[in-house]
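I have placed the structure first, in the form of C-alpha cells, so that the comments after it can refer back to it.
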Amino acid sequence: MKDNIKIEICLEDVESVIRAEKGGADRVEFCADLFEGGTTPSLGAFITARRHTSIPINTMIRPRGGDFCYSDVEFEAMLEDVKAFKAHGANGIVFGILNPDGTIDKERSKRIIEEARPLPVTFHRAFDMTKDLFKSLEELIELGVDRILTSGGEPTVMEGIMNLEKLVEKAGDRIIIMPGCGITESNFTYLKDKVKAKEYHVFLPKEEESKMEWRPGHIYMGGMLRQPEFQIVHTSTERVRDIVGKK
C-alpha cells in the first residue's frame, strides 16, 4: 500500500519547497502566512519555487485570513490569481468558498473550478467550517472537486478521526479525502491505519536562528500576537523524510 499513499507538505516559502522535495514529499501546497491558516502566495515566490524544483506544487487561492465568505472584489482577485498561477505552471489549485449560512458557495466554487481546469482542484479546510460535512461532501462531488482537505470537522485530525473514517468510506473513489491538521511523525501510522485515506497533508516545520547579528529588541514587525523576529521557520527535510518513510 506504500506506493499508493501520497504525502503533501504544507509550506510558505521557496526554501521549504526545496527541502520538501529533498525529503521525498509527493507534492506541496504552497501558501503564504500560515499564521492565518494560509493565504495566496506571491507569484514571484511561486515562479522561483517552480524554477528550482520539479515537485508538483498546488497553490493556495485565499485572498485573506479570517472567514471564507468573500466580497465581490475578493472573489475577483481569486479568479485573477487562478489565471496567473495556472499560466505560470501550477499543478493544482486549492480554494474554499462558503455562504454566510455555513453551506458551500456552489456558484462561485463552480467558477473557480472552471477557471482552474484542466488542473485538479482541492477544497481546503473551509469544508470543516460547514454545518453539514456529509451534505457538503456530496455537493463538492457534484461540482467535480478532486480532493477535500479536512480534519473531520474538528480542530485536529485526531479529534476528528471518527468523521474522517466515515468521510473516506462515503467518498469511496468519487473524491479524495485528504486528512490534515495535527498530523505528526508520532501519530501518522495510527491515523493511516485507522482512516485508510490515500493522501495526507502535513506541516513539518523546523525553527532556525536568524543570521542577523544586530538585533534591536524594542522594534517589532507584527502586532501584539507575533512570532519572534529573529527565528526563521522552514520545512524540515529530515521530518519529511521520516514521515515519508512511514507510508
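Note on naming: chains are A, B, ... as they come in the C-alpha cells, residues start from 1 per chain, ligands start from 1 in the order shown.
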Per residue of region 82-164 of chain A within 9 Å of region 27-43 of chain A, what are the shortest atom pair and its distance in Å to one decimal, counting only C-alpha atoms, with rows by chain and residue number, as CSV?
residue,atom,partner,partner_atom,distance
A:Ala84,CA,A:Leu43,CA,7.7
A:Phe85,CA,A:Leu43,CA,7.0
A:His88,CA,A:Leu43,CA,8.5
A:Gly92,CA,A:Glu29,CA,8.8
A:Ile93,CA,A:Glu29,CA,9.0
A:Val94,CA,A:Glu29,CA,7.9
Would you please give, as a VMD selection string, all residues of region 16-94 of chain A that DSSP assigns to alpha helix (DSSP H) based on the backbone?
-> chain A and resid 16 to 22 43 to 52 72 to 87
Residue among A:Asn163, A:Asn4, A:Ser16, A:Ser186 lying closest to Glu207 (chain A), counting only C-alpha atoms |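 So, comparing all the options, the nearest one is A:Ser16.
Proximity to Gly152 (chain A) was assessed for A:Asp173, A:Glu138, A:Asp132, A:Asp81 counting only C-alpha atoms; the smallest distance is recorded for A:Asp132.
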Which residues, written as a ChimeraX atom specification, have at least one atom at most 10 Å from Lys131 (chain A), with only C-alpha atoms counted and residues fewer than 5 positions away on the same chain left out?
-> /A:101-104,136,153
Once you have the residues from the selection above, write them out as a compact mmCIF listing (two decimals), in the first residue's frame, restricted to C-alpha atoms.
# COMPACT_ATOMS: atom_id res chain seq x y z
CA ASP A 101 -25.17 30.19 6.41
CA GLY A 102 -22.29 27.71 6.51
CA THR A 103 -23.02 25.97 3.21
CA ILE A 104 -20.80 25.58 0.15
CA SER A 136 -21.07 19.34 1.74
CA GLY A 153 -14.86 18.95 11.22
Contact residues around Ala116 (chain A) with only C-alpha atoms at 7 Å, ignoring same-chain residues under 4 positions, as a list in words | Val82, Lys86, Ile93 and Ile112 of chain A
Please save N, CA and C atoms of the selected residues as a PDB file, in the first residue's frame.
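Writing done, so here's result31.pdb:
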ATOM      1  N   VAL A  82      -6.054  32.594  -9.868  1.00  0.00           N
ATOM      2  CA  VAL A  82      -6.133  31.281 -10.517  1.00  0.00           C
ATOM      3  C   VAL A  82      -5.540  31.358 -11.923  1.00  0.00           C
ATOM      4  N   LYS A  86      -2.042  29.401 -12.872  1.00  0.00           N
ATOM      5  CA  LYS A  86      -2.226  28.405 -13.930  1.00  0.00           C
ATOM      6  C   LYS A  86      -1.292  28.702 -15.100  1.00  0.00           C
ATOM      7  N   ILE A  93      -4.924  23.796  -7.926  1.00  0.00           N
ATOM      8  CA  ILE A  93      -5.456  24.980  -7.250  1.00  0.00           C
ATOM      9  C   ILE A  93      -6.178  24.540  -5.978  1.00  0.00           C
ATOM     10  N   ILE A 112     -14.583  29.086 -10.010  1.00  0.00           N
ATOM     11  CA  ILE A 112     -13.168  28.833  -9.725  1.00  0.00           C
ATOM     12  C   ILE A 112     -12.715  27.549 -10.417  1.00  0.00           C
TER      13      ILE A 112
END
Step one, run DSSP on the backbone; step two, keep only residues of region 123-168 of chain A assigned to strand (DSSP E); then write them as a list of chain:residue names.
->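 Those residues are A:Phe123, A:Arg147, A:Ile148, A:Leu149, A:Thr150.
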Region 168-170 of chain A surroundings by only C-alpha atoms, 9 Å radius, close-in-sequence under 6 positions cut, as a PDB file with all heavy atoms, in the first residue's frame:
ATOM      1  N   PHE A 134     -21.391  15.989   5.575  1.00  0.00           N
ATOM      2  CA  PHE A 134     -21.735  14.948   4.614  1.00  0.00           C
ATOM      3  C   PHE A 134     -22.581  15.488   3.458  1.00  0.00           C
ATOM      4  O   PHE A 134     -22.453  15.017   2.326  1.00  0.00           O
ATOM      5  CB  PHE A 134     -22.388  13.776   5.338  1.00  0.00           C
ATOM      6  CG  PHE A 134     -21.441  13.139   6.314  1.00  0.00           C
ATOM      7  CD1 PHE A 134     -21.452  13.502   7.653  1.00  0.00           C
ATOM      8  CD2 PHE A 134     -20.487  12.224   5.887  1.00  0.00           C
ATOM      9  CE1 PHE A 134     -20.541  12.945   8.538  1.00  0.00           C
ATOM     10  CE2 PHE A 134     -19.578  11.669   6.766  1.00  0.00           C
ATOM     11  CZ  PHE A 134     -19.600  12.029   8.094  1.00  0.00           C
ATOM     12  N   LEU A 137     -19.948  17.211   1.405  1.00  0.00           N
ATOM     13  CA  LEU A 137     -19.201  16.205   0.645  1.00  0.00           C
ATOM     14  C   LEU A 137     -19.897  15.917  -0.677  1.00  0.00           C
ATOM     15  O   LEU A 137     -19.260  15.936  -1.747  1.00  0.00           O
ATOM     16  CB  LEU A 137     -19.089  14.919   1.469  1.00  0.00           C
ATOM     17  CG  LEU A 137     -18.560  13.678   0.733  1.00  0.00           C
ATOM     18  CD1 LEU A 137     -17.107  13.869   0.327  1.00  0.00           C
ATOM     19  CD2 LEU A 137     -18.737  12.428   1.600  1.00  0.00           C
ATOM     20  N   ILE A 176     -11.146  12.396  -3.388  1.00  0.00           N
ATOM     21  CA  ILE A 176     -10.083  12.085  -2.431  1.00  0.00           C
ATOM     22  C   ILE A 176     -10.329  12.847  -1.132  1.00  0.00           C
ATOM     23  O   ILE A 176     -10.501  14.067  -1.152  1.00  0.00           O
ATOM     24  CB  ILE A 176      -8.709  12.466  -2.998  1.00  0.00           C
ATOM     25  CG1 ILE A 176      -8.378  11.616  -4.231  1.00  0.00           C
ATOM     26  CG2 ILE A 176      -7.613  12.291  -1.935  1.00  0.00           C
ATOM     27  CD1 ILE A 176      -7.181  12.127  -5.004  1.00  0.00           C
ATOM     28  N   ILE A 177     -10.371  12.140  -0.031  1.00  0.00           N
ATOM     29  CA  ILE A 177     -10.406  12.766   1.292  1.00  0.00           C
ATOM     30  C   ILE A 177      -8.972  12.786   1.807  1.00  0.00           C
ATOM     31  O   ILE A 177      -8.347  11.738   1.981  1.00  0.00           O
ATOM     32  CB  ILE A 177     -11.311  11.988   2.268  1.00  0.00           C
ATOM     33  CG1 ILE A 177     -12.752  11.939   1.747  1.00  0.00           C
ATOM     34  CG2 ILE A 177     -11.246  12.618   3.665  1.00  0.00           C
ATOM     35  CD1 ILE A 177     -13.418  13.311   1.621  1.00  0.00           C
ATOM     36  N   MET A 178      -8.440  13.977   2.051  1.00  0.00           N
ATOM     37  CA  MET A 178      -7.056  14.143   2.487  1.00  0.00           C
ATOM     38  C   MET A 178      -7.029  14.708   3.913  1.00  0.00           C
ATOM     39  O   MET A 178      -7.213  15.911   4.114  1.00  0.00           O
ATOM     40  CB  MET A 178      -6.301  15.070   1.526  1.00  0.00           C
ATOM     41  CG  MET A 178      -4.851  15.276   1.900  1.00  0.00           C
ATOM     42  SD  MET A 178      -3.889  16.152   0.624  1.00  0.00           S
ATOM     43  CE  MET A 178      -4.741  17.743   0.558  1.00  0.00           C
ATOM     44  N   VAL A 195      -7.814   5.437   9.419  1.00  0.00           N
ATOM     45  CA  VAL A 195      -8.662   6.184   8.478  1.00  0.00           C
ATOM     46  C   VAL A 195      -8.621   5.582   7.078  1.00  0.00           C
ATOM     47  O   VAL A 195      -9.595   5.618   6.341  1.00  0.00           O
ATOM     48  CB  VAL A 195      -8.234   7.675   8.449  1.00  0.00           C
ATOM     49  CG1 VAL A 195      -9.001   8.443   7.393  1.00  0.00           C
ATOM     50  CG2 VAL A 195      -8.451   8.302   9.825  1.00  0.00           C
ATOM     51  N   LYS A 196      -7.443   5.065   6.690  1.00  0.00           N
ATOM     52  CA  LYS A 196      -7.254   4.439   5.389  1.00  0.00           C
ATOM     53  C   LYS A 196      -7.448   5.402   4.212  1.00  0.00           C
ATOM     54  O   LYS A 196      -7.971   5.036   3.157  1.00  0.00           O
ATOM     55  CB  LYS A 196      -8.165   3.219   5.237  1.00  0.00           C
ATOM     56  CG  LYS A 196      -7.831   2.093   6.219  1.00  0.00           C
ATOM     57  CD  LYS A 196      -8.760   0.915   6.038  1.00  0.00           C
ATOM     58  CE  LYS A 196      -8.277  -0.287   6.857  1.00  0.00           C
ATOM     59  NZ  LYS A 196      -8.161   0.007   8.303  1.00  0.00           N
ATOM     60  N   ALA A 197      -7.014   6.645   4.407  1.00  0.00           N
ATOM     61  CA  ALA A 197      -7.020   7.602   3.301  1.00  0.00           C
ATOM     62  C   ALA A 197      -5.813   7.344   2.408  1.00  0.00           C
ATOM     63  O   ALA A 197      -4.852   6.691   2.811  1.00  0.00           O
ATOM     64  CB  ALA A 197      -6.992   9.032   3.838  1.00  0.00           C
TER      65      ALA A 197
END
Considering only C-alpha atoms, return as number ranges by chain whatever protein or nucleic-acid residues lie within 8 Å of Thr156 (chain A), sequence-local ones (same chain, fewer than 4 positions apart) excluded.
-> A: 151-152, 160, 180-182
Convert the current residue selection to file output with all heavy atoms, as a compact mmCIF listing (two decimals), in the first residue's frame.
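result-v6.txt, freshly written:
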# COMPACT_ATOMS: atom_id res chain seq x y z
N SER A 151 -9.97 18.08 8.53
CA SER A 151 -9.62 17.49 9.83
C SER A 151 -10.84 16.81 10.43
O SER A 151 -10.89 16.56 11.64
CB SER A 151 -9.09 18.57 10.78
OG SER A 151 -10.03 19.63 10.91
N GLY A 152 -11.85 16.53 9.59
CA GLY A 152 -13.04 15.84 10.08
C GLY A 152 -13.99 16.73 10.84
O GLY A 152 -14.77 16.26 11.68
N GLY A 160 -11.00 14.57 15.05
CA GLY A 160 -12.00 14.31 14.00
C GLY A 160 -11.86 12.94 13.37
O GLY A 160 -12.45 12.69 12.31
N GLY A 180 -5.77 16.38 7.25
CA GLY A 180 -4.73 17.35 7.52
C GLY A 180 -5.05 18.17 8.74
O GLY A 180 -6.22 18.38 9.07
N CYS A 181 -4.02 18.62 9.44
CA CYS A 181 -4.04 19.44 10.64
C CYS A 181 -3.82 18.58 11.88
O CYS A 181 -4.72 17.88 12.33
CB CYS A 181 -5.33 20.26 10.81
SG CYS A 181 -5.16 21.49 12.11
N GLY A 182 -2.58 18.62 12.35
CA GLY A 182 -2.24 17.89 13.55
C GLY A 182 -1.59 16.53 13.30
O GLY A 182 -1.41 15.75 14.24
Skipping near chain neighbours, those fewer than 3 positions away, what residues fall within 7 Å of region 237-242 of chain A using only C-alpha atoms, listed as an MDAnalysis selection string?
-> chainID A and resid 19:20 22:25 204 245:246
Could you check which of A:Pro120, A:Gly217, A:Pro179, A:Gly65 is closest to Leu164 (chain A), using only C-alpha atoms?
->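 Closest candidate: A:Pro179.
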